Amino acid sequence: MQNNDTFSIKTILTGAQMLFVAFGALVLVPLLTGLDPNVALFTAGIGTLLFQVVTKGQVPIFLASSFAFIAPIIAAVQMWGVPATMGGLMVAGFAYMLLSLLVKFKGVATLHKILPPVVVGPVIMVIGLALAPVAVNMAMGKSGDGSIQIIDYSSAIYISLFSLVVTLIFAVWGKGVFKLIPILAGVVAGYCLSLAMGVVQFDAVTNAQWFAVPNFTWPEFKWQAILFMVPVAIAPAIEHIGDMMAISQVTNKDFLKKPGLHRTLFGDGLATSAASLFGGPPNTTYSEVTGAVMLTKNFNPKVMMWTAIIAIILAFVAKMGSGLQTIPVPVMGGIMILLFGSIAVVGLNTLVKSGDDLTAPRNLSIVALILVCGIGGMHIGGSQFSLEGVSLCAILGIVLNLVLPKAQPQES
């Protein structure tokens with residue numbers, strides 16, 4: 001019976017539908033970071049299959065491109081190139097696996113002790129806000145660093161604002177499945193307007209083959225890129241715990257106990273390391289797919305296996321990847337304004353939900369130093385050794401949290 005269910009038309013079609021829900025976010029990350037969207041499709045499929053193996057095929061979860069790594073990847077590629085960035089991301093995946101061992105032997109409480117909300121919250125905010133100028137530059141038709149005007153400002157601002165407004169409408173007023181695809185809706189709307197304004201170039205699509213092996217990039221290991229990238233794993237690791245709680249509530253099964261949080265974390269880390277092996281963005285559990293699972297009431301994990309297989313097949317359709325790369329810069333810029341801001345709000349919400357008194361000198365010091373050093377671009381060291389960005393913020397926050405004395409409860 002289970003075998004028939006695995007290969008049924010309903011299961012396969014539901015798997016295809018899940019990929020449609022995840023597609024917008026999945027390809028957006030490589031398009032924003034300059035990576036190959038076909039490789040991202042391939043590594044999302046491989047990562048999901050590995051996750052299913054590690055978790056014994058028990059969790060109806062799909063893994064794909066992580067938004068938390070967008071800003072760090074953009075910065076790392078500029079400084080060290082794509083291969084070294086992939087090396088850093090592979091080691092970040094290993095960091096996940098170490099966290100999974102910590103959870104297995106010490107419990108989740110130890111993880112929260114090392115990474116309390118007062119550290120995690122502002123670090124996530126830095127991830128969202130550190131490269132906010134990149135989003136604004138792209139929205140105005142410039143390259144990410146603002147040095148080149150790719151599309152005329154007057155055209156770019158209309159396209160980026162239209163993309164942003166459509167995304168907002170779907171996110172706020174969308175119903176059912178439409179609420180799950182605001183980013184995809186914004187990209188499609190912005191692309192249509194770009195077509196009407198004549199700013200889309202189709203040369204790459206015309207010259208591309210129909211089918212080809214994705215442009216895989218093998219990792220190189222530079223310790224500067226590794227030190228820069230590893231602490232970024234903190235944010236998606238915390239997000240992962242929330243996603244596991246969410247899918248547990250949706251399915252009425254406690255996946256934190258069976259197969260266990262240590263297995264799901266390990267599977268997530270293995271998926272990220274495997275993605276970097278081929279030159280794809282790191283993987284994370286997709287909340288929008290969890291929302292689709294809740295809507296469809298199809299809790300069969302085999303659905304995600306088919307989602308992964310279909311993603312791998314589509315990765316070899318070269319014209320699709322070339323077509324995605326014709327999306328103009330302002331479309332992405334408009335989406336990034338909301339996206340980067342949303343990541344910052346997740347960090348802010350982490351602080352708010354914790355209930356910590358942020359005016360207490362200890363908490364105030366930790367949050368303030370993380371935010372200013374991260375957003376201000378502080379770096380420590382020189383050409384041989386340098387800490388900056390999220391890596392500096394995460395280490396700074398962890399050290400301050402361990403060193404600064406906690407306020408003693410006042411005696412009544």
# chains A, B, ... in the order shown; residues from 1 in each chain; ligands from 1

call {"tool": "residues_around", "arguments": {"residues": "Asn215 of chain A", "least_positions_apart": "5", "cutoff": "12 Å", "atoms": "only C-alpha atoms", "output": "list of chain:residue names"}}
result
A:Leu35, A:Asp36, A:Pro37, A:Asn38, A:Val39, A:Ala40, A:Leu41, A:Phe42, A:Thr43, A:Phe278, A:Gly279, A:Gly280, A:Ala315, A:Phe316, A:Val317, A:Ala318, A:Gly321, A:Ser322

call {"tool": "closest_atom_pairs", "arguments": {"of": "segment 85-126 of chain A", "to": "segment 245-269 of chain A", "cutoff": "9 Å", "atoms": "only C-alpha atoms", "output": "CSV"}}
result
residue,atom,partner,partner_atom,distance
A:Met90,CA,A:Gly269,CA,8.7
A:Ala92,CA,A:Gly269,CA,7.7
A:Gly93,CA,A:Gly269,CA,4.2
A:Phe94,CA,A:Gly269,CA,6.1
A:Ala95,CA,A:Gly269,CA,7.3
A:Tyr96,CA,A:Gly269,CA,4.7
A:Met97,CA,A:Phe266,CA,4.7
A:Leu98,CA,A:Phe266,CA,8.0
A:Leu99,CA,A:Leu265,CA,7.4
A:Ser100,CA,A:His262,CA,4.4
A:Leu101,CA,A:His262,CA,6.5
A:Leu102,CA,A:His262,CA,8.1
A:Val103,CA,A:His262,CA,5.7
A:Lys104,CA,A:His262,CA,5.3
A:Gly107,CA,A:His262,CA,9.0
A:Val108,CA,A:Leu261,CA,8.5

call {"tool": "write_last_selection", "arguments": {"atoms": "all heavy atoms", "output": "JSON list (two decimals), in the first residue's frame"}}
result
[["chain", "number", "residue", "atom", "x", "y", "z"],
["A", 90, "MET", "N", 30.48, 25.16, 3.01],
["A", 90, "MET", "CA", 30.57, 23.74, 3.34],
["A", 90, "MET", "C", 30.91, 23.56, 4.82],
["A", 90, "MET", "O", 30.32, 22.73, 5.52],
["A", 90, "MET", "CB", 31.63, 23.05, 2.47],
["A", 90, "MET", "CG", 31.77, 21.57, 2.79],
["A", 90, "MET", "SD", 32.92, 20.69, 1.70],
["A", 90, "MET", "CE", 31.89, 20.53, 0.24],
["A", 92, "ALA", "N", 30.27, 25.75, 7.11],
["A", 92, "ALA", "CA", 29.08, 26.19, 7.85],
["A", 92, "ALA", "C", 28.10, 25.03, 8.01],
["A", 92, "ALA", "O", 27.45, 24.88, 9.05],
["A", 92, "ALA", "CB", 28.40, 27.35, 7.12],
["A", 93, "GLY", "N", 28.01, 24.18, 6.97],
["A", 93, "GLY", "CA", 27.18, 22.97, 7.07],
["A", 93, "GLY", "C", 27.70, 22.03, 8.15],
["A", 93, "GLY", "O", 26.93, 21.43, 8.90],
["A", 94, "PHE", "N", 29.04, 21.93, 8.25],
["A", 94, "PHE", "CA", 29.63, 21.10, 9.30],
["A", 94, "PHE", "C", 29.29, 21.67, 10.68],
["A", 94, "PHE", "O", 29.10, 20.91, 11.65],
["A", 94, "PHE", "CB", 31.15, 21.04, 9.14],
["A", 94, "PHE", "CG", 31.61, 20.35, 7.88],
["A", 94, "PHE", "CD1", 32.84, 20.63, 7.32],
["A", 94, "PHE", "CD2", 30.80, 19.41, 7.25],
["A", 94, "PHE", "CE1", 33.26, 20.01, 6.15],
["A", 94, "PHE", "CE2", 31.21, 18.77, 6.08],
["A", 94, "PHE", "CZ", 32.45, 19.07, 5.53],
["A", 95, "ALA", "N", 29.20, 23.01, 10.77],
["A", 95, "ALA", "CA", 28.84, 23.64, 12.05],
["A", 95, "ALA", "C", 27.44, 23.21, 12.48],
["A", 95, "ALA", "O", 27.18, 22.98, 13.67],
["A", 95, "ALA", "CB", 28.92, 25.17, 11.92],
["A", 96, "TYR", "N", 26.51, 23.12, 11.51],
["A", 96, "TYR", "CA", 25.18, 22.58, 11.79],
["A", 96, "TYR", "C", 25.28, 21.20, 12.43],
["A", 96, "TYR", "O", 24.60, 20.88, 13.39],
["A", 96, "TYR", "CB", 24.40, 22.39, 10.48],
["A", 96, "TYR", "CG", 23.55, 23.52, 10.01],
["A", 96, "TYR", "CD1", 24.08, 24.57, 9.28],
["A", 96, "TYR", "CD2", 22.19, 23.51, 10.24],
["A", 96, "TYR", "CE1", 23.29, 25.59, 8.79],
["A", 96, "TYR", "CE2", 21.38, 24.52, 9.74],
["A", 96, "TYR", "CZ", 21.93, 25.55, 9.02],
["A", 96, "TYR", "OH", 21.14, 26.55, 8.54],
["A", 97, "MET", "N", 26.12, 20.37, 11.82],
["A", 97, "MET", "CA", 26.25, 18.99, 12.29],
["A", 97, "MET", "C", 26.80, 18.95, 13.72],
["A", 97, "MET", "O", 26.37, 18.12, 14.53],
["A", 97, "MET", "CB", 27.14, 18.19, 11.33],
["A", 97, "MET", "CG", 26.58, 18.09, 9.92],
["A", 97, "MET", "SD", 27.65, 17.11, 8.83],
["A", 97, "MET", "CE", 27.30, 17.87, 7.24],
["A", 98, "LEU", "N", 27.73, 19.85, 14.03],
["A", 98, "LEU", "CA", 28.24, 19.93, 15.40],
["A", 98, "LEU", "C", 27.13, 20.36, 16.36],
["A", 98, "LEU", "O", 27.04, 19.85, 17.49],
["A", 98, "LEU", "CB", 29.42, 20.92, 15.46],
["A", 98, "LEU", "CG", 30.73, 20.45, 14.83],
["A", 98, "LEU", "CD1", 31.77, 21.57, 14.85],
["A", 98, "LEU", "CD2", 31.27, 19.22, 15.56],
["A", 99, "LEU", "N", 26.30, 21.30, 15.90],
["A", 99, "LEU", "CA", 25.16, 21.72, 16.73],
["A", 99, "LEU", "C", 24.22, 20.55, 16.98],
["A", 99, "LEU", "O", 23.65, 20.41, 18.07],
["A", 99, "LEU", "CB", 24.41, 22.87, 16.06],
["A", 99, "LEU", "CG", 25.05, 24.26, 16.10],
["A", 99, "LEU", "CD1", 24.22, 25.25, 15.29],
["A", 99, "LEU", "CD2", 25.20, 24.75, 17.52],
["A", 100, "SER", "N", 24.06, 19.71, 15.96],
["A", 100, "SER", "CA", 23.17, 18.55, 16.11],
["A", 100, "SER", "C", 23.71, 17.59, 17.17],
["A", 100, "SER", "O", 22.94, 17.00, 17.94],
["A", 100, "SER", "CB", 22.99, 17.83, 14.77],
["A", 100, "SER", "OG", 24.13, 17.08, 14.43],
["A", 101, "LEU", "N", 25.04, 17.44, 17.21],
["A", 101, "LEU", "CA", 25.64, 16.58, 18.23],
["A", 101, "LEU", "C", 25.48, 17.19, 19.62],
["A", 101, "LEU", "O", 25.24, 16.48, 20.60],
["A", 101, "LEU", "CB", 27.13, 16.37, 17.92],
["A", 101, "LEU", "CG", 27.45, 15.58, 16.64],
["A", 101, "LEU", "CD1", 28.95, 15.54, 16.39],
["A", 101, "LEU", "CD2", 26.89, 14.16, 16.75],
["A", 102, "LEU", "N", 25.60, 18.53, 19.69],
["A", 102, "LEU", "CA", 25.39, 19.23, 20.96],
["A", 102, "LEU", "C", 23.97, 19.01, 21.46],
["A", 102, "LEU", "O", 23.75, 18.74, 22.65],
["A", 102, "LEU", "CB", 25.66, 20.73, 20.77],
["A", 102, "LEU", "CG", 25.54, 21.62, 22.01],
["A", 102, "LEU", "CD1", 26.66, 21.33, 22.98],
["A", 102, "LEU", "CD2", 25.57, 23.10, 21.61],
["A", 103, "VAL", "N", 23.00, 19.09, 20.56],
["A", 103, "VAL", "CA", 21.60, 18.87, 20.92],
["A", 103, "VAL", "C", 21.38, 17.43, 21.36],
["A", 103, "VAL", "O", 20.67, 17.16, 22.33],
["A", 103, "VAL", "CB", 20.68, 19.22, 19.72],
["A", 103, "VAL", "CG1", 19.25, 18.75, 19.99],
["A", 103, "VAL", "CG2", 20.70, 20.72, 19.46],
["A", 104, "LYS", "N", 22.01, 16.49, 20.66],
["A", 104, "LYS", "CA", 21.83, 15.06, 20.99],
["A", 104, "LYS", "C", 22.34, 14.73, 22.39],
["A", 104, "LYS", "O", 21.68, 14.02, 23.17],
["A", 104, "LYS", "CB", 22.54, 14.19, 19.96],
["A", 104, "LYS", "CG", 22.42, 12.68, 20.24],
["A", 104, "LYS", "CD", 23.04, 11.86, 19.14],
["A", 104, "LYS", "CE", 23.04, 10.37, 19.47],
["A", 104, "LYS", "NZ", 21.69, 9.83, 19.70],
["A", 107, "GLY", "N", 21.17, 18.43, 24.90],
["A", 107, "GLY", "CA", 19.80, 18.94, 24.88],
["A", 107, "GLY", "C", 19.71, 20.32, 24.28],
["A", 107, "GLY", "O", 20.70, 21.04, 24.15],
["A", 108, "VAL", "N", 18.50, 20.70, 23.90],
["A", 108, "VAL", "CA", 18.25, 22.00, 23.26],
["A", 108, "VAL", "C", 18.56, 23.16, 24.20],
["A", 108, "VAL", "O", 18.97, 24.24, 23.76],
["A", 108, "VAL", "CB", 16.77, 22.09, 22.79],
["A", 108, "VAL", "CG1", 16.52, 23.42, 22.07],
["A", 108, "VAL", "CG2", 16.43, 20.94, 21.87]]

call {"tool": "closest_residue", "arguments": {"among": "A:Phe211, A:Phe7, A:Phe202, A:Phe67", "to": "Ala25 of chain A", "atoms": "only C-alpha atoms"}}
result
A:Phe67

call {"tool": "closest_residue", "arguments": {"among": "A:Leu400, A:Ala394, A:Leu31, A:Val303", "to": "Pro60 of chain A", "atoms": "only C-alpha atoms"}}
result
A:Val303

call {"tool": "closest_residue", "arguments": {"among": "A:Ser391, A:Asn363, A:Thr217, A:Ser8", "to": "Val118 of chain A", "atoms": "only C-alpha atoms"}}
result
A:Asn363

call {"tool": "closest_residue", "arguments": {"among": "A:Asn401, A:Thr307, A:Thr272, A:Gln224", "to": "Val289 of chain A", "atoms": "only C-alpha atoms"}}
result
A:Thr307

call {"tool": "residues_around", "arguments": {"residues": "segment 158-164 of chain A", "least_positions_apart": "2", "cutoff": "12 Å", "atoms": "only C-alpha atoms", "output": "number ranges by chain"}}
result
A: 135-142, 151-156, 166-171, 182-200, 327-339

call {"tool": "closest_residue", "arguments": {"among": "A:Ala308, A:Ala212, A:Ala204, A:Leu369", "to": "Phe20 of chain A", "atoms": "only C-alpha atoms"}}
result
A:Ala308

call {"tool": "residues_around", "arguments": {"residues": "segment 119-125 of chain A", "least_positions_apart": "4", "cutoff": "7 Å", "atoms": "only C-alpha atoms", "output": "list of chain:residue names"}}
result
A:Leu115, A:Leu129, A:Ala235, A:Ile343, A:Ala344, A:Val345, A:Gly347, A:Leu348, A:Thr350, A:Leu351, A:Val367, A:Ile370, A:Leu371, A:Val390, A:Cys393, A:Ala394, A:Gly397, A:Ile398

call {"tool": "write_last_selection", "arguments": {"atoms": "N, CA, C and O atoms", "output": "PDB file, in the first residue's frame"}}
result
ATOM      1  N   LEU A 115      23.343  30.587  22.769  1.00  0.00           N
ATOM      2  CA  LEU A 115      22.774  31.524  21.793  1.00  0.00           C
ATOM      3  C   LEU A 115      21.404  32.010  22.252  1.00  0.00           C
ATOM      4  O   LEU A 115      20.373  31.661  21.670  1.00  0.00           O
ATOM      5  N   LEU A 129      20.162  43.811   7.484  1.00  0.00           N
ATOM      6  CA  LEU A 129      20.383  45.238   7.247  1.00  0.00           C
ATOM      7  C   LEU A 129      21.779  45.598   6.732  1.00  0.00           C
ATOM      8  O   LEU A 129      21.963  46.678   6.174  1.00  0.00           O
ATOM      9  N   ALA A 235      21.805  31.767  12.606  1.00  0.00           N
ATOM     10  CA  ALA A 235      20.436  32.226  12.320  1.00  0.00           C
ATOM     11  C   ALA A 235      19.560  31.123  11.743  1.00  0.00           C
ATOM     12  O   ALA A 235      18.479  30.846  12.281  1.00  0.00           O
ATOM     13  N   ILE A 343      13.923  40.054   7.076  1.00  0.00           N
ATOM     14  CA  ILE A 343      14.895  39.310   7.877  1.00  0.00           C
ATOM     15  C   ILE A 343      15.229  40.090   9.151  1.00  0.00           C
ATOM     16  O   ILE A 343      15.310  39.521  10.244  1.00  0.00           O
ATOM     17  N   ALA A 344      15.384  41.398   9.008  1.00  0.00           N
ATOM     18  CA  ALA A 344      15.662  42.232  10.177  1.00  0.00           C
ATOM     19  C   ALA A 344      14.508  42.184  11.180  1.00  0.00           C
ATOM     20  O   ALA A 344      14.715  42.150  12.395  1.00  0.00           O
ATOM     21  N   VAL A 345      13.279  42.158  10.653  1.00  0.00           N
ATOM     22  CA  VAL A 345      12.099  42.101  11.531  1.00  0.00           C
ATOM     23  C   VAL A 345      12.041  40.766  12.274  1.00  0.00           C
ATOM     24  O   VAL A 345      11.627  40.713  13.443  1.00  0.00           O
ATOM     25  N   GLY A 347      14.593  39.140  13.324  1.00  0.00           N
ATOM     26  CA  GLY A 347      15.517  39.352  14.444  1.00  0.00           C
ATOM     27  C   GLY A 347      14.901  40.199  15.530  1.00  0.00           C
ATOM     28  O   GLY A 347      15.041  39.901  16.737  1.00  0.00           O
ATOM     29  N   LEU A 348      14.205  41.261  15.134  1.00  0.00           N
ATOM     30  CA  LEU A 348      13.538  42.131  16.108  1.00  0.00           C
ATOM     31  C   LEU A 348      12.473  41.361  16.878  1.00  0.00           C
ATOM     32  O   LEU A 348      12.349  41.483  18.107  1.00  0.00           O
ATOM     33  N   THR A 350      12.452  38.215  17.472  1.00  0.00           N
ATOM     34  CA  THR A 350      13.145  37.306  18.392  1.00  0.00           C
ATOM     35  C   THR A 350      13.418  37.998  19.721  1.00  0.00           C
ATOM     36  O   THR A 350      13.240  37.408  20.797  1.00  0.00           O
ATOM     37  N   LEU A 351      13.823  39.258  19.648  1.00  0.00           N
ATOM     38  CA  LEU A 351      14.076  40.035  20.871  1.00  0.00           C
ATOM     39  C   LEU A 351      12.782  40.319  21.623  1.00  0.00           C
ATOM     40  O   LEU A 351      12.712  40.176  22.847  1.00  0.00           O
ATOM     41  N   VAL A 367      23.234  44.129  22.525  1.00  0.00           N
ATOM     42  CA  VAL A 367      22.477  44.453  21.311  1.00  0.00           C
ATOM     43  C   VAL A 367      23.095  45.631  20.573  1.00  0.00           C
ATOM     44  O   VAL A 367      23.272  45.604  19.349  1.00  0.00           O
ATOM     45  N   ILE A 370      26.490  44.713  18.826  1.00  0.00           N
ATOM     46  CA  ILE A 370      26.276  43.835  17.666  1.00  0.00           C
ATOM     47  C   ILE A 370      25.747  44.644  16.484  1.00  0.00           C
ATOM     48  O   ILE A 370      26.242  44.533  15.358  1.00  0.00           O
ATOM     49  N   LEU A 371      24.735  45.486  16.737  1.00  0.00           N
ATOM     50  CA  LEU A 371      24.110  46.244  15.655  1.00  0.00           C
ATOM     51  C   LEU A 371      25.067  47.249  15.017  1.00  0.00           C
ATOM     52  O   LEU A 371      25.195  47.306  13.789  1.00  0.00           O
ATOM     53  N   VAL A 390      28.810  39.436   9.843  1.00  0.00           N
ATOM     54  CA  VAL A 390      28.052  38.570  10.733  1.00  0.00           C
ATOM     55  C   VAL A 390      28.972  37.747  11.627  1.00  0.00           C
ATOM     56  O   VAL A 390      28.658  37.495  12.790  1.00  0.00           O
ATOM     57  N   CYS A 393      30.052  39.877  14.488  1.00  0.00           N
ATOM     58  CA  CYS A 393      28.906  40.147  15.363  1.00  0.00           C
ATOM     59  C   CYS A 393      28.541  38.932  16.213  1.00  0.00           C
ATOM     60  O   CYS A 393      28.269  39.058  17.413  1.00  0.00           O
ATOM     61  N   ALA A 394      28.519  37.762  15.581  1.00  0.00           N
ATOM     62  CA  ALA A 394      28.138  36.547  16.300  1.00  0.00           C
ATOM     63  C   ALA A 394      29.136  36.232  17.403  1.00  0.00           C
ATOM     64  O   ALA A 394      28.754  35.938  18.550  1.00  0.00           O
ATOM     65  N   GLY A 397      28.836  38.827  20.175  1.00  0.00           N
ATOM     66  CA  GLY A 397      27.647  38.603  21.001  1.00  0.00           C
ATOM     67  C   GLY A 397      27.799  37.435  21.935  1.00  0.00           C
ATOM     68  O   GLY A 397      27.420  37.514  23.120  1.00  0.00           O
ATOM     69  N   ILE A 398      28.367  36.323  21.439  1.00  0.00           N
ATOM     70  CA  ILE A 398      28.551  35.129  22.277  1.00  0.00           C
ATOM     71  C   ILE A 398      29.503  35.430  23.430  1.00  0.00           C
ATOM     72  O   ILE A 398      29.248  35.058  24.581  1.00  0.00           O
TER      73      ILE A 398
END

call {"tool": "residues_around", "arguments": {"residues": "Gly376 of chain A", "least_positions_apart": "2", "cutoff": "12 Å", "atoms": "only C-alpha atoms", "output": "ChimeraX atom specification"}}
result
/A:126,129-133,368-374,378-379,388-390,392-393

call {"tool": "closest_residue", "arguments": {"among": "A:Leu111, A:Ala274, A:Ala76, A:Met294", "to": "Gly176 of chain A", "atoms": "only C-alpha atoms"}}
result
A:Met294

call {"tool": "atom_distance", "arguments": {"atom1": "atom CA of Thr326 of chain A", "atom2": "atom CA of Trp173 of chain A"}}
result
28.7 Å

call {"tool": "select_by_dssp", "arguments": {"residues": "segment 15-248 of chain A", "states": "strand (DSSP E or B)", "output": "ChimeraX atom specification"}}
result
/A:63-65,142,149,211

call {"tool": "write_last_selection", "arguments": {"atoms": "all heavy atoms", "output": "compact mmCIF listing (two decimals), in the first residue's frame"}}
result
# COMPACT_ATOMS: atom_id res chain seq x y z
N LEU A 63 13.76 21.25 1.46
CA LEU A 63 14.88 22.15 1.74
C LEU A 63 15.33 22.82 0.44
O LEU A 63 15.43 22.16 -0.60
CB LEU A 63 16.05 21.39 2.35
CG LEU A 63 15.93 20.98 3.82
CD1 LEU A 63 15.08 19.74 3.97
CD2 LEU A 63 17.29 20.74 4.44
N ALA A 64 15.60 24.12 0.53
CA ALA A 64 16.09 24.84 -0.65
C ALA A 64 16.84 26.09 -0.18
O ALA A 64 17.09 26.28 1.01
CB ALA A 64 14.94 25.20 -1.57
N SER A 65 17.16 26.96 -1.13
CA SER A 65 18.03 28.12 -0.91
C SER A 65 17.66 28.94 0.33
O SER A 65 16.53 29.38 0.48
CB SER A 65 17.97 29.03 -2.14
OG SER A 65 18.11 28.29 -3.33
N LYS A 142 20.99 50.17 -10.50
CA LYS A 142 22.46 50.12 -10.45
C LYS A 142 22.93 48.71 -10.11
O LYS A 142 22.15 47.85 -9.72
CB LYS A 142 22.98 51.10 -9.40
CG LYS A 142 22.61 52.55 -9.64
CD LYS A 142 23.15 53.43 -8.52
CE LYS A 142 22.77 54.89 -8.71
NZ LYS A 142 23.27 55.73 -7.60
N GLN A 149 25.38 52.07 -13.64
CA GLN A 149 23.95 52.26 -13.89
C GLN A 149 23.54 51.29 -15.00
O GLN A 149 23.77 51.55 -16.19
CB GLN A 149 23.65 53.70 -14.29
CG GLN A 149 22.17 54.03 -14.37
CD GLN A 149 21.52 54.17 -12.99
OE1 GLN A 149 22.08 54.77 -12.07
NE2 GLN A 149 20.32 53.61 -12.83
N PHE A 211 18.88 21.58 -23.18
CA PHE A 211 19.31 20.74 -22.06
C PHE A 211 20.82 20.78 -21.93
O PHE A 211 21.53 20.71 -22.93
CB PHE A 211 18.83 19.30 -22.25
CG PHE A 211 17.34 19.16 -22.35
CD1 PHE A 211 16.73 19.04 -23.60
CD2 PHE A 211 16.54 19.19 -21.21
CE1 PHE A 211 15.34 18.94 -23.70
CE2 PHE A 211 15.17 19.08 -21.31
CZ PHE A 211 14.56 18.97 -22.55

call {"tool": "select_by_dssp", "arguments": {"residues": "segment 141-255 of chain A", "states": "alpha helix (DSSP H)", "output": "number ranges by chain"}}
result
A: 153-173, 182-197, 203-207, 223-229, 234-251

call {"tool": "atom_distance", "arguments": {"atom1": "atom CA of Ala75 of chain A", "atom2": "atom CA of Ala44 of chain A"}}
result
22.3 Å
